[in-house]
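Undergrad: Sharing my_file-v3.txt here; it has compact mmCIF, C-alpha atoms.
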# COMPACT_ATOMS: atom_id res chain seq x y z
CA MET A 1 15.35 -7.04 -57.51
CA ARG A 2 11.75 -8.14 -57.19
CA HIS A 3 11.47 -10.60 -60.06
CA ASN A 4 8.42 -12.88 -59.67
CA LYS A 5 7.54 -11.51 -56.23
CA LYS A 6 3.99 -10.55 -57.02
CA PHE A 7 2.23 -10.35 -53.64
CA ASN A 8 1.49 -6.97 -52.07
CA HIS A 9 3.96 -6.07 -49.32
CA LEU A 10 1.53 -3.45 -47.92
CA GLY A 11 4.43 -1.17 -46.93
CA ARG A 12 5.42 -3.42 -44.02
CA THR A 13 8.20 -5.77 -43.05
CA ALA A 14 7.54 -9.50 -43.38
CA SER A 15 7.00 -10.06 -39.65
CA HIS A 16 4.67 -7.05 -39.35
CA ARG A 17 2.70 -8.15 -42.43
CA ASN A 18 2.32 -11.72 -41.14
CA ALA A 19 1.18 -10.50 -37.72
CA MET A 20 -1.30 -8.08 -39.28
CA LEU A 21 -2.78 -10.72 -41.60
CA SER A 22 -3.02 -13.19 -38.71
CA ASN A 23 -4.88 -10.65 -36.56
CA MET A 24 -7.18 -9.69 -39.42
CA ALA A 25 -7.92 -13.36 -40.13
CA CYS A 26 -8.78 -13.91 -36.45
CA SER A 27 -11.11 -10.91 -36.51
CA LEU A 28 -12.75 -12.11 -39.72
CA ILE A 29 -13.38 -15.56 -38.26
CA LYS A 30 -14.72 -14.12 -34.98
CA HIS A 31 -16.95 -11.41 -36.43
CA LYS A 32 -17.67 -12.87 -39.91
CA ARG A 33 -17.21 -9.40 -41.46
CA ILE A 34 -14.57 -6.68 -41.10
CA THR A 35 -14.05 -3.28 -42.70
CA THR A 36 -10.62 -2.53 -44.14
CA THR A 37 -8.87 -1.18 -47.22
CA VAL A 38 -9.16 -3.01 -50.52
CA ALA A 39 -5.43 -3.83 -50.68
CA LYS A 40 -5.48 -5.40 -47.20
CA ALA A 41 -8.69 -7.26 -48.00
CA LYS A 42 -7.18 -8.81 -51.12
CA ALA A 43 -4.08 -9.84 -49.18
CA LEU A 44 -6.27 -11.24 -46.40
CA LYS A 45 -8.31 -13.24 -48.90
CA LYS A 46 -5.15 -14.99 -50.13
CA PHE A 47 -4.12 -15.61 -46.52
CA VAL A 48 -7.39 -16.89 -45.01
CA GLU A 49 -8.95 -18.98 -47.80
CA PRO A 50 -6.27 -21.73 -47.68
CA LEU A 51 -6.76 -21.88 -43.89
CA ILE A 52 -10.52 -22.33 -44.33
CA THR A 53 -9.88 -25.06 -46.89
CA LYS A 54 -7.49 -26.74 -44.43
CA SER A 55 -10.22 -26.63 -41.75
CA LYS A 56 -12.47 -28.93 -43.80
CA ASP A 57 -10.20 -31.83 -42.82
CA ASP A 58 -10.35 -31.94 -39.00
CA THR A 59 -7.10 -33.70 -38.17
CA THR A 60 -4.41 -32.93 -35.63
CA ASN A 61 -1.98 -31.88 -38.35
CA SER A 62 -4.42 -29.50 -40.04
CA ARG A 63 -5.25 -27.94 -36.65
CA ARG A 64 -1.54 -27.42 -35.98
CA VAL A 65 -0.95 -25.84 -39.37
CA VAL A 66 -3.90 -23.45 -38.91
CA PHE A 67 -2.85 -22.64 -35.34
CA SER A 68 0.69 -21.82 -36.50
CA ASN A 69 -0.83 -19.13 -38.75
CA LEU A 70 -3.55 -17.78 -36.42
CA GLN A 71 -2.11 -18.16 -32.88
CA ASP A 72 -5.55 -18.05 -31.19
CA LYS A 73 -7.12 -21.19 -29.70
CA GLN A 74 -10.70 -19.89 -29.63
CA VAL A 75 -10.55 -18.82 -33.25
CA VAL A 76 -9.13 -22.17 -34.36
CA THR A 77 -11.86 -23.98 -32.43
CA GLU A 78 -14.58 -21.81 -34.00
CA LEU A 79 -13.08 -22.32 -37.45
CA PHE A 80 -13.01 -26.10 -37.17
CA LYS A 81 -16.35 -26.55 -35.31
CA GLU A 82 -18.69 -23.96 -36.85
CA ILE A 83 -17.31 -22.52 -40.07
CA SER A 84 -15.97 -25.75 -41.56
CA VAL A 85 -19.37 -27.41 -41.08
CA LYS A 86 -21.12 -24.58 -42.89
CA ILE A 87 -18.69 -24.48 -45.85
CA ALA A 88 -18.22 -28.25 -46.17
CA ASP A 89 -19.88 -28.52 -49.59
CA ARG A 90 -18.45 -25.25 -51.01
CA PRO A 91 -15.54 -25.86 -53.44
CA GLY A 92 -13.86 -22.50 -52.73
CA GLY A 93 -14.55 -18.78 -52.65
CA TYR A 94 -15.29 -18.51 -48.93
CA THR A 95 -14.93 -14.74 -48.72
CA ARG A 96 -16.53 -11.80 -50.50
CA ILE A 97 -15.11 -8.29 -50.89
CA ILE A 98 -17.63 -5.47 -51.26
CA LYS A 99 -16.29 -1.98 -51.92
CA THR A 100 -17.82 0.80 -49.82
CA GLY A 101 -16.18 3.96 -51.15
CA HIS A 102 -13.24 6.09 -50.06
CA ARG A 103 -12.03 6.91 -46.55
CA LEU A 104 -12.52 10.53 -45.54
CA GLY A 105 -9.02 11.29 -44.25
CA ASP A 106 -6.68 9.88 -46.88
CA ASN A 107 -9.09 8.84 -49.67
CA ALA A 108 -8.07 5.18 -49.35
CA GLU A 109 -10.44 2.80 -51.10
CA MET A 110 -12.42 1.01 -48.37
CA CYS A 111 -14.38 -2.22 -48.40
CA PHE A 112 -15.66 -4.91 -46.14
CA ILE A 113 -14.65 -8.52 -46.43
CA GLU A 114 -17.04 -11.15 -45.16
CA LEU A 115 -17.52 -14.88 -45.05
CA VAL A 116 -19.96 -15.76 -47.82
CA ASP A 117 -22.15 -18.25 -45.95
CA TYR A 118 -22.72 -15.90 -43.00
CA ASN A 119 -24.43 -13.00 -44.78
CA GLU A 120 -28.15 -13.52 -44.19
CA ASN A 121 -29.15 -10.57 -46.39
CA MET A 122 -27.54 -12.02 -49.52
CA ALA A 123 -28.98 -15.47 -48.78
CA LYS A 124 -32.50 -14.02 -48.46
CA GLU A 125 -32.18 -12.15 -51.77
CA LYS A 126 -31.28 -15.35 -53.60
CA VAL A 127 -34.29 -17.14 -52.09
CA ALA A 128 -36.59 -14.23 -52.93
CA LYS A 129 -35.49 -14.20 -56.56
CA LYS A 130 -36.34 -17.86 -56.94
CA ALA A 131 -39.71 -17.42 -55.23
CA THR A 132 -40.80 -14.53 -57.48
CA ARG A 133 -40.44 -16.47 -60.72
CA THR A 134 -43.84 -17.31 -62.17
CA ARG A 135 -45.09 -18.36 -65.52
CA ARG A 136 -46.79 -15.70 -67.54
CA SER A 137 -50.48 -16.18 -67.93
CA LYS A 138 -52.20 -16.00 -71.29
CA LYS A 139 -54.85 -13.57 -70.05
CA THR A 140 -55.53 -10.43 -72.00
CA THR A 141 -54.55 -7.07 -70.59
CA THR A 142 -58.16 -6.17 -69.62
CA GLU A 143 -58.62 -9.40 -67.64
CA ALA A 144 -55.28 -8.89 -65.87
CA ALA A 145 -56.19 -5.30 -64.97
CA ALA A 146 -59.61 -6.24 -63.52
CA PRO A 147 -58.33 -7.83 -60.28
CA ALA A 148 -56.12 -4.80 -59.70
CA GLU A 149 -59.18 -2.52 -59.67
CA ALA A 150 -61.04 -4.48 -56.99
CA PRO A 151 -58.69 -3.66 -54.07
CA VAL A 152 -58.79 0.01 -55.03
CA ALA A 153 -62.57 -0.02 -54.67
CA GLU A 154 -62.32 -1.65 -51.21
CA ALA A 155 -59.87 0.95 -49.90
CA PRO A 156 -62.43 3.82 -49.55
CA ALA A 157 -64.79 1.46 -47.70
CA VAL A 158 -62.06 0.69 -45.16
CA GLU A 159 -61.29 4.40 -44.72
CA GLU A 160 -65.01 5.15 -44.15
CA ALA A 161 -65.22 2.42 -41.50
CA LYS A 162 -62.20 3.88 -39.67
CA ALA A 163 -63.74 7.36 -39.83
CA GLU A 164 -67.02 6.04 -38.31
CA GLU A 165 -65.07 4.34 -35.49
CA ALA A 166 -63.23 7.58 -34.77
CA LYS A 167 -66.53 9.51 -34.56
CA ALA A 168 -68.02 6.88 -32.23
CA GLU A 169 -65.10 7.26 -29.78
Give the structure from this file in structure tokens form.
TA:
Amino acid sequence: MRHNKKFNHLGRTASHRNAMLSNMACSLIKHKRITTTVAKAKALKKFVEPLITKSKDDTTNSRRVVFSNLQDKQVVTELFKEISVKIADRPGGYTRIIKTGHRLGDNAEMCFIELVDYNENMAKEKVAKKATRTRRSKKTTTEAAAPAEAPVAEAPAVEEAKAEEAKAE
């Protein structure tokens, strides 16, 4: 019986599942983003986040514990030297799962899982949102519309100047 065994077995034996999660974790740490199914991504999230937390404390014991799960020296080195420095102040939630639709062959729900601090696009959007906030002015609608009309009037002058340069050539 499976009482209180709530993790997803992913249709694999224990050794195959552990090897697969270890390889996926190594790929995630190397490439910072991988594409997989949603079920595997959720299982990987539960597997890799405790390892990232363990990497915050750079001791011999924590390196040995992480290495026993990952079995790749270069990945462990990158985790402890680069990633742990970047996530040092983050209290948790090191990965993000973004669903991308369904796979063409078997209609499996696909997604990509990525390390949160390594997505430059999301970081830029957060900065842009903060930069666009401005206080509303107390100008009337006619005064606010007046500056918008000035660039429109300049545009035909620029087009005429380009036309004159084209004729001169």
Undergrad: When you look at A:Leu10 with a cut-off of 8 Å (counting all atoms listed in the file), what residues show up, excluding the ones that are within fewer than 2 positions of it in the same chain? I need them as a list in words.
TA: Asn8, Arg12, Arg17, Ala39 and Lys40 of chain A
Undergrad: May I have the residues at most 6 Å from (-16.4, -5.6, -46.9) in the file's coordinates, counting all atoms listed in the file, as a list in words?
TA: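 Nearby residues: Thr35, Ile97, Ile98, Cys111, Phe112, Ile113 and Glu114 of chain A.
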Undergrad: Which one of A:Thr77, A:Thr60, A:Glu109, A:Lys32 sits closest to A:Arg96 if you count only C-alpha atoms?
TA: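 Checking each of A:Thr77, A:Thr60, A:Glu109, A:Lys32 against A:Arg96, counting only C-alpha atoms, the winner is A:Lys32.
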Undergrad: Could you work out how far atom CA of A:Asn18 lies from atom CA of A:Val85, giving the answer in Å with one decimal?
TA: 26.8 Å
Undergrad: Write out, as CSV, each residue of stretch 64-89 of chain A that has an atom at most 9 Å from stretch 44-54 of chain A, together with the closest pair of atoms and their distance in Å to one decimal, counting only C-alpha atoms, rows going by chain and rising number.
TA:
residue,atom,partner,partner_atom,distance
A:Val65,CA,A:Lys54,CA,8.3
A:Val66,CA,A:Leu51,CA,6.0
A:Asn69,CA,A:Leu51,CA,8.3
A:Leu79,CA,A:Ile52,CA,7.3
A:Phe80,CA,A:Ile52,CA,8.5
A:Ile83,CA,A:Ile52,CA,8.0
A:Ser84,CA,A:Ile52,CA,7.0
A:Ile87,CA,A:Ile52,CA,8.6
A:Ala88,CA,A:Thr53,CA,9.0
Undergrad: Counting only C-alpha atoms, figure out which residue out of A:Arg33, A:Lys42, A:Ser55, A:Leu28 gets nearest to A:Phe67.
TA: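 Nearest to A:Phe67: A:Ser55.
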Undergrad: Can you list, as a ChimeraX atom specification, every protein, DNA or RNA residue that comes within 7 Å of A:Ala108 when you count all atoms listed in the file, leaving out same-chain residues fewer than 3 positions away?
TA: /A:37,102-103
Undergrad: Rounded to one decimal in Å, what is the spacing between atom CA of A:Lys56 and atom CA of A:Ala43?
TA: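 Interatomic distance here is 21.5 Å.
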Undergrad: Place N, CA, C and O atoms on stretch 97-108 of chain A and deliver the coordinates as a PDB file, in the frame of the given file.
TA:
ATOM      1  N   ILE A  97     -15.564  -9.660 -51.112  1.00  0.00           N
ATOM      2  CA  ILE A  97     -15.110  -8.290 -50.890  1.00  0.00           C
ATOM      3  C   ILE A  97     -16.117  -7.349 -51.552  1.00  0.00           C
ATOM      4  O   ILE A  97     -16.377  -7.452 -52.745  1.00  0.00           O
ATOM      5  N   ILE A  98     -16.669  -6.441 -50.746  1.00  0.00           N
ATOM      6  CA  ILE A  98     -17.630  -5.470 -51.260  1.00  0.00           C
ATOM      7  C   ILE A  98     -17.089  -4.070 -50.986  1.00  0.00           C
ATOM      8  O   ILE A  98     -16.865  -3.692 -49.831  1.00  0.00           O
ATOM      9  N   LYS A  99     -16.870  -3.311 -52.050  1.00  0.00           N
ATOM     10  CA  LYS A  99     -16.290  -1.980 -51.920  1.00  0.00           C
ATOM     11  C   LYS A  99     -17.330  -1.007 -51.382  1.00  0.00           C
ATOM     12  O   LYS A  99     -18.491  -1.027 -51.800  1.00  0.00           O
ATOM     13  N   THR A 100     -16.892  -0.123 -50.468  1.00  0.00           N
ATOM     14  CA  THR A 100     -17.820   0.800 -49.820  1.00  0.00           C
ATOM     15  C   THR A 100     -17.527   2.263 -50.097  1.00  0.00           C
ATOM     16  O   THR A 100     -18.233   3.124 -49.612  1.00  0.00           O
ATOM     17  N   GLY A 101     -16.485   2.569 -50.854  1.00  0.00           N
ATOM     18  CA  GLY A 101     -16.180   3.960 -51.150  1.00  0.00           C
ATOM     19  C   GLY A 101     -14.794   4.322 -50.685  1.00  0.00           C
ATOM     20  O   GLY A 101     -13.928   3.459 -50.523  1.00  0.00           O
ATOM     21  N   HIS A 102     -14.564   5.609 -50.435  1.00  0.00           N
ATOM     22  CA  HIS A 102     -13.240   6.090 -50.060  1.00  0.00           C
ATOM     23  C   HIS A 102     -13.269   6.642 -48.642  1.00  0.00           C
ATOM     24  O   HIS A 102     -14.256   7.241 -48.208  1.00  0.00           O
ATOM     25  N   ARG A 103     -12.158   6.442 -47.934  1.00  0.00           N
ATOM     26  CA  ARG A 103     -12.030   6.910 -46.550  1.00  0.00           C
ATOM     27  C   ARG A 103     -11.887   8.426 -46.563  1.00  0.00           C
ATOM     28  O   ARG A 103     -11.255   9.003 -47.452  1.00  0.00           O
ATOM     29  N   LEU A 104     -12.452   9.073 -45.561  1.00  0.00           N
ATOM     30  CA  LEU A 104     -12.520  10.530 -45.540  1.00  0.00           C
ATOM     31  C   LEU A 104     -11.142  11.176 -45.380  1.00  0.00           C
ATOM     32  O   LEU A 104     -10.837  12.149 -46.034  1.00  0.00           O
ATOM     33  N   GLY A 105     -10.285  10.636 -44.545  1.00  0.00           N
ATOM     34  CA  GLY A 105      -9.020  11.290 -44.250  1.00  0.00           C
ATOM     35  C   GLY A 105      -8.010  11.227 -45.380  1.00  0.00           C
ATOM     36  O   GLY A 105      -7.469  12.243 -45.809  1.00  0.00           O
ATOM     37  N   ASP A 106      -7.742  10.028 -45.892  1.00  0.00           N
ATOM     38  CA  ASP A 106      -6.680   9.880 -46.880  1.00  0.00           C
ATOM     39  C   ASP A 106      -7.170   9.368 -48.227  1.00  0.00           C
ATOM     40  O   ASP A 106      -6.371   9.061 -49.101  1.00  0.00           O
ATOM     41  N   ASN A 107      -8.461   9.255 -48.408  1.00  0.00           N
ATOM     42  CA  ASN A 107      -9.090   8.840 -49.670  1.00  0.00           C
ATOM     43  C   ASN A 107      -8.690   7.414 -50.067  1.00  0.00           C
ATOM     44  O   ASN A 107      -8.674   7.078 -51.239  1.00  0.00           O
ATOM     45  N   ALA A 108      -8.376   6.577 -49.066  1.00  0.00           N
ATOM     46  CA  ALA A 108      -8.070   5.180 -49.350  1.00  0.00           C
ATOM     47  C   ALA A 108      -9.353   4.452 -49.720  1.00  0.00           C
ATOM     48  O   ALA A 108     -10.414   4.717 -49.150  1.00  0.00           O
TER      49      ALA A 108
END
